[in-house]
Each structure stands twice: as structure tokens, then as C-alpha cells.
$ cat my_file.pdb   # PDB, C-alpha atoms
ATOM      1  CA  MET G   1      87.040  49.362  66.353  1.00  0.00           C
ATOM      2  CA  ARG G   2      84.923  51.414  68.758  1.00  0.00           C
ATOM      3  CA  ALA G   3      82.124  48.885  68.499  1.00  0.00           C
ATOM      4  CA  ILE G   4      84.438  46.069  69.559  1.00  0.00           C
ATOM      5  CA  ILE G   5      85.632  48.077  72.558  1.00  0.00           C
ATOM      6  CA  VAL G   6      82.053  48.966  73.555  1.00  0.00           C
ATOM      7  CA  ILE G   7      80.964  45.327  73.283  1.00  0.00           C
ATOM      8  CA  ALA G   8      84.001  44.184  75.313  1.00  0.00           C
ATOM      9  CA  VAL G   9      83.219  46.722  78.047  1.00  0.00           C
ATOM     10  CA  ILE G  10      79.560  45.659  78.162  1.00  0.00           C
ATOM     11  CA  VAL G  11      80.509  41.980  78.403  1.00  0.00           C
ATOM     12  CA  LEU G  12      83.028  42.797  81.147  1.00  0.00           C
ATOM     13  CA  VAL G  13      80.452  44.742  83.161  1.00  0.00           C
ATOM     14  CA  LEU G  14      77.845  41.997  82.761  1.00  0.00           C
ATOM     15  CA  GLY G  15      80.433  39.474  83.923  1.00  0.00           C
ATOM     16  CA  LEU G  16      81.356  41.591  86.938  1.00  0.00           C
ATOM     17  CA  VAL G  17      77.753  41.971  88.103  1.00  0.00           C
ATOM     18  CA  GLY G  18      77.245  38.235  87.721  1.00  0.00           C
ATOM     19  CA  TRP G  19      74.831  38.155  84.816  1.00  0.00           C
ATOM     20  CA  LEU G  20      77.267  36.325  82.533  1.00  0.00           C
ATOM     21  CA  ARG G  21      79.241  33.240  83.482  1.00  0.00           C
ATOM     22  CA  PHE G  22      82.227  32.003  81.552  1.00  0.00           C
ATOM     23  CA  SER G  23      83.238  28.377  81.971  1.00  0.00           C
ATOM     24  CA  SER G  24      85.067  25.613  80.183  1.00  0.00           C
ATOM     25  CA  PRO G  25      83.683  22.233  81.266  1.00  0.00           C
ATOM     26  CA  ASP G  26      85.373  19.363  79.454  1.00  0.00           C
ATOM     27  CA  GLY G  27      87.336  21.810  77.314  1.00  0.00           C
ATOM     28  CA  ASP G  28      84.172  23.245  75.750  1.00  0.00           C
ATOM     29  CA  PRO G  29      84.091  27.009  76.401  1.00  0.00           C
ATOM     30  CA  THR G  30      80.634  28.319  77.255  1.00  0.00           C
ATOM     31  CA  ILE G  31      78.985  31.577  78.160  1.00  0.00           C
ATOM     32  CA  ARG G  32      75.869  31.303  80.295  1.00  0.00           C
ATOM     33  CA  ILE G  33      73.413  34.044  81.170  1.00  0.00           C
ATOM     34  CA  ASP G  34      72.105  33.776  84.723  1.00  0.00           C
ATOM     35  CA  THR G  35      68.493  34.699  83.968  1.00  0.00           C
ATOM     36  CA  ASP G  36      67.399  34.278  87.591  1.00  0.00           C
ATOM     37  CA  LYS G  37      69.952  36.854  88.749  1.00  0.00           C
ATOM     38  CA  VAL G  38      69.010  39.216  85.912  1.00  0.00           C
ATOM     39  CA  ASN G  39      65.342  38.885  86.849  1.00  0.00           C
ATOM     40  CA  ASP G  40      66.019  39.425  90.561  1.00  0.00           C
ATOM     41  CA  ASP G  41      68.244  42.448  89.927  1.00  0.00           C
ATOM     42  CA  THR G  42      65.857  44.120  87.498  1.00  0.00           C
ATOM     43  CA  THR G  43      62.897  43.507  89.817  1.00  0.00           C
ATOM     44  CA  ALA G  44      64.821  45.117  92.674  1.00  0.00           C
ATOM     45  CA  ILE G  45      65.730  48.101  90.490  1.00  0.00           C
ATOM     46  CA  VAL G  46      62.097  48.570  89.448  1.00  0.00           C
ATOM     47  CA  GLU G  47      60.911  48.406  93.071  1.00  0.00           C
ATOM     48  CA  ARG G  48      63.545  50.927  94.225  1.00  0.00           C
ATOM     49  CA  SER G  49      62.605  53.204  91.334  1.00  0.00           C
ATOM     50  CA  LYS G  50      58.923  53.052  92.293  1.00  0.00           C
ATOM     51  CA  GLU G  51      59.790  53.886  95.909  1.00  0.00           C
ATOM     52  CA  ALA G  52      61.961  56.813  94.799  1.00  0.00           C
ATOM     53  CA  VAL G  53      59.216  58.204  92.555  1.00  0.00           C
ATOM     54  CA  GLU G  54      56.647  57.885  95.335  1.00  0.00           C
ATOM     55  CA  SER G  55      59.001  59.587  97.796  1.00  0.00           C
ATOM     56  CA  ILE G  56      59.684  62.440  95.398  1.00  0.00           C
ATOM     57  CA  GLY G  57      55.961  62.785  94.683  1.00  0.00           C
ATOM     58  CA  ALA G  58      55.204  62.982  98.407  1.00  0.00           C
ATOM     59  CA  LYS G  59      57.888  65.644  98.899  1.00  0.00           C
ATOM     60  CA  VAL G  60      56.518  67.671  95.981  1.00  0.00           C
ATOM     61  CA  GLU G  61      52.984  67.434  97.369  1.00  0.00           C
ATOM     62  CA  GLU G  62      54.250  68.454 100.798  1.00  0.00           C
ATOM     63  CA  SER G  63      56.121  71.448  99.400  1.00  0.00           C
ATOM     64  CA  ILE G  64      53.026  72.537  97.459  1.00  0.00           C
ATOM     65  CA  ASP G  65      50.816  72.194 100.524  1.00  0.00           C
ATOM     66  CA  HIS G  66      53.197  74.246 102.708  1.00  0.00           C
ATOM     67  CA  LYS G  67      53.817  76.978 100.172  1.00  0.00           C
ATOM     68  CA  PRO G  68      52.996  80.317 101.816  1.00  0.00           C
ATOM     69  CA  ALA G  69      50.087  82.216 100.331  1.00  0.00           C
ATOM     70  CA  GLU G  70      51.004  85.225  98.256  1.00  0.00           C
ATOM     71  CA  THR G  71      49.777  88.539  99.552  1.00  0.00           C
ATOM     72  CA  GLU G  72      48.620  91.313  97.307  1.00  0.00           C
TER      73      GLU G  72
END

$ encode --input "my_file.pdb" --output "C-alpha cells"
Amino acid sequence: MRAIIVIAVIVLVLGLVGWLRFSSPDGDPTIRIDTDKVNDDTTAIVERSKEAVESIGAKVEESIDHKPAETE
């Protein structure tokens, strides 16, 4: 029962973000996956992730460079 609920939630989310399309042309129900939108969205996510990692890396490097020297 949990599996059915999880699958239903996943399908609902994919439909809401526009990756799945439900239609019934000529009385024939179909489900279509918009692969172009999936590709565009995942490419954008990867690019934003790369930018975030680079930004965090730069901040870490900056904090290391500006760390005060310890005195003995």
C-alpha cells in the first residue's frame, strides 16, 4: 500500500513540474514524458550546483587565507 502511495506522489510531482503530460486524444488515454523539459531542467540544476560548489570553494579558500596566524 505504501508503494502505491509513493508512486502516486511521484507521478503527481512529475506532473506538477511539467515532466509528465496526461492527455486523451480520440479517447485514447496517454502519458507522455517531456524529455526536452527534463533535459533543460536537469542541465539547469547541474549548472546551479556547479556554481554553488565553486562559490563555496572560493569562500573556504578566502577564509583559510584570512585566518589569523597563531601566536606561541

$ closest_residue --input "my_file.pdb" --among "G:Ala58, G:Leu12, G:Val17, G:Met1" --to "Val38 (chain G)" --atoms "only C-alpha atoms"
G:Val17

$ atom_distance --input "my_file.pdb" --atom1 "CA of Ile45 (chain G)" --atom2 "CA of Ile33 (chain G)"
18.5 Å

$ residues_around --input "my_file.pdb" --residues "Ile31 (chain G)" --least-positions-apart "5" --cutoff "9 Å" --atoms "all atoms listed in the file" --output "PyMOL selection string"
chain G and resi 20-24

$ atom_distance --input "my_file.pdb" --atom1 "CA of Val11 (chain G)" --atom2 "CA of Thr30 (chain G)"
13.7 Å

$ resolve_selection --input "my_file.pdb" --expression "the PyMOL selection byres ((chain G and resi 37) around 12)" --output "PyMOL selection string"
chain G and resi 14-15+17-21+32-36+38-44

$ atom_distance --input "my_file.pdb" --atom1 "CA of Glu51 (chain G)" --atom2 "CA of Asp65 (chain G)"
20.9 Å

$ decode --input "my_file.pdb" --residues "region 14-52 of chain G" --atoms "N, CA and C atoms" --output "compact mmCIF listing (two decimals), in the first residue's frame"
# COMPACT_ATOMS: atom_id res chain seq x y z
N LEU G 14 5.83 14.86 -10.63
CA LEU G 14 6.34 14.96 -12.01
C LEU G 14 5.34 15.64 -12.92
N GLY G 15 4.07 15.43 -12.69
CA GLY G 15 3.03 16.12 -13.46
C GLY G 15 3.00 17.60 -13.15
N LEU G 16 3.18 17.95 -11.87
CA LEU G 16 3.14 19.36 -11.48
C LEU G 16 4.32 20.15 -12.02
N VAL G 17 5.50 19.53 -12.09
CA VAL G 17 6.66 20.25 -12.63
C VAL G 17 6.69 20.24 -14.14
N GLY G 18 5.77 19.50 -14.76
CA GLY G 18 5.66 19.53 -16.21
C GLY G 18 6.44 18.46 -16.95
N TRP G 19 6.97 17.49 -16.24
CA TRP G 19 7.72 16.44 -16.90
C TRP G 19 6.81 15.37 -17.48
N LEU G 20 5.64 15.18 -16.89
CA LEU G 20 4.66 14.23 -17.41
C LEU G 20 3.44 14.98 -17.92
N ARG G 21 2.91 14.49 -19.04
CA ARG G 21 1.69 15.08 -19.59
C ARG G 21 0.66 13.98 -19.75
N PHE G 22 -0.52 14.25 -19.26
CA PHE G 22 -1.62 13.31 -19.38
C PHE G 22 -2.60 13.87 -20.40
N SER G 23 -2.98 13.05 -21.37
CA SER G 23 -3.94 13.52 -22.37
C SER G 23 -4.81 12.35 -22.82
N SER G 24 -5.87 12.70 -23.53
CA SER G 24 -6.78 11.67 -24.02
C SER G 24 -7.26 12.05 -25.43
N PRO G 25 -6.33 12.06 -26.40
CA PRO G 25 -6.76 12.37 -27.77
C PRO G 25 -7.55 11.19 -28.35
N ASP G 26 -8.66 11.49 -28.93
CA ASP G 26 -9.52 10.48 -29.57
C ASP G 26 -9.93 9.36 -28.60
N GLY G 27 -10.03 9.69 -27.32
CA GLY G 27 -10.47 8.71 -26.34
C GLY G 27 -9.40 7.71 -25.94
N ASP G 28 -8.17 7.91 -26.40
CA ASP G 28 -7.07 7.01 -26.07
C ASP G 28 -6.18 7.68 -25.02
N PRO G 29 -6.30 7.29 -23.75
CA PRO G 29 -5.51 7.95 -22.71
C PRO G 29 -4.01 7.68 -22.89
N THR G 30 -3.22 8.75 -22.76
CA THR G 30 -1.78 8.62 -22.92
C THR G 30 -1.06 9.40 -21.83
N ILE G 31 0.13 8.94 -21.55
CA ILE G 31 1.05 9.64 -20.65
C ILE G 31 2.31 9.88 -21.46
N ARG G 32 2.71 11.15 -21.56
CA ARG G 32 3.90 11.49 -22.32
C ARG G 32 4.92 12.12 -21.40
N ILE G 33 6.17 11.77 -21.58
CA ILE G 33 7.27 12.37 -20.83
C ILE G 33 7.89 13.45 -21.71
N ASP G 34 7.94 14.66 -21.21
CA ASP G 34 8.53 15.77 -21.95
C ASP G 34 10.04 15.75 -21.74
N THR G 35 10.74 15.00 -22.58
CA THR G 35 12.18 14.80 -22.40
C THR G 35 12.97 16.09 -22.58
N ASP G 36 12.49 17.00 -23.42
CA ASP G 36 13.18 18.28 -23.59
C ASP G 36 13.15 19.08 -22.29
N LYS G 37 12.00 19.11 -21.63
CA LYS G 37 11.88 19.84 -20.37
C LYS G 37 12.72 19.18 -19.29
N VAL G 38 12.72 17.86 -19.24
CA VAL G 38 13.54 17.14 -18.26
C VAL G 38 15.01 17.47 -18.48
N ASN G 39 15.44 17.44 -19.74
CA ASN G 39 16.83 17.74 -20.07
C ASN G 39 17.19 19.18 -19.69
N ASP G 40 16.32 20.12 -20.04
CA ASP G 40 16.58 21.53 -19.70
C ASP G 40 16.65 21.74 -18.20
N ASP G 41 15.72 21.15 -17.47
CA ASP G 41 15.68 21.32 -16.01
C ASP G 41 16.90 20.70 -15.34
N THR G 42 17.27 19.49 -15.76
CA THR G 42 18.42 18.85 -15.13
C THR G 42 19.72 19.55 -15.48
N THR G 43 19.82 20.09 -16.70
CA THR G 43 21.01 20.86 -17.07
C THR G 43 21.11 22.11 -16.21
N ALA G 44 19.99 22.79 -16.00
CA ALA G 44 19.99 23.98 -15.16
C ALA G 44 20.37 23.65 -13.72
N ILE G 45 19.88 22.54 -13.21
CA ILE G 45 20.21 22.13 -11.84
C ILE G 45 21.71 21.83 -11.72
N VAL G 46 22.26 21.15 -12.71
CA VAL G 46 23.69 20.83 -12.69
C VAL G 46 24.51 22.11 -12.73
N GLU G 47 24.14 23.06 -13.58
CA GLU G 47 24.88 24.32 -13.67
C GLU G 47 24.81 25.10 -12.36
N ARG G 48 23.61 25.18 -11.76
CA ARG G 48 23.49 25.88 -10.47
C ARG G 48 24.28 25.18 -9.39
N SER G 49 24.33 23.87 -9.43
CA SER G 49 25.10 23.12 -8.44
C SER G 49 26.60 23.40 -8.59
N LYS G 50 27.07 23.44 -9.84
CA LYS G 50 28.48 23.76 -10.08
C LYS G 50 28.81 25.15 -9.57
N GLU G 51 27.95 26.12 -9.84
CA GLU G 51 28.17 27.49 -9.37
C GLU G 51 28.19 27.54 -7.85
N ALA G 52 27.30 26.80 -7.20
CA ALA G 52 27.25 26.80 -5.73
C ALA G 52 28.52 26.19 -5.16
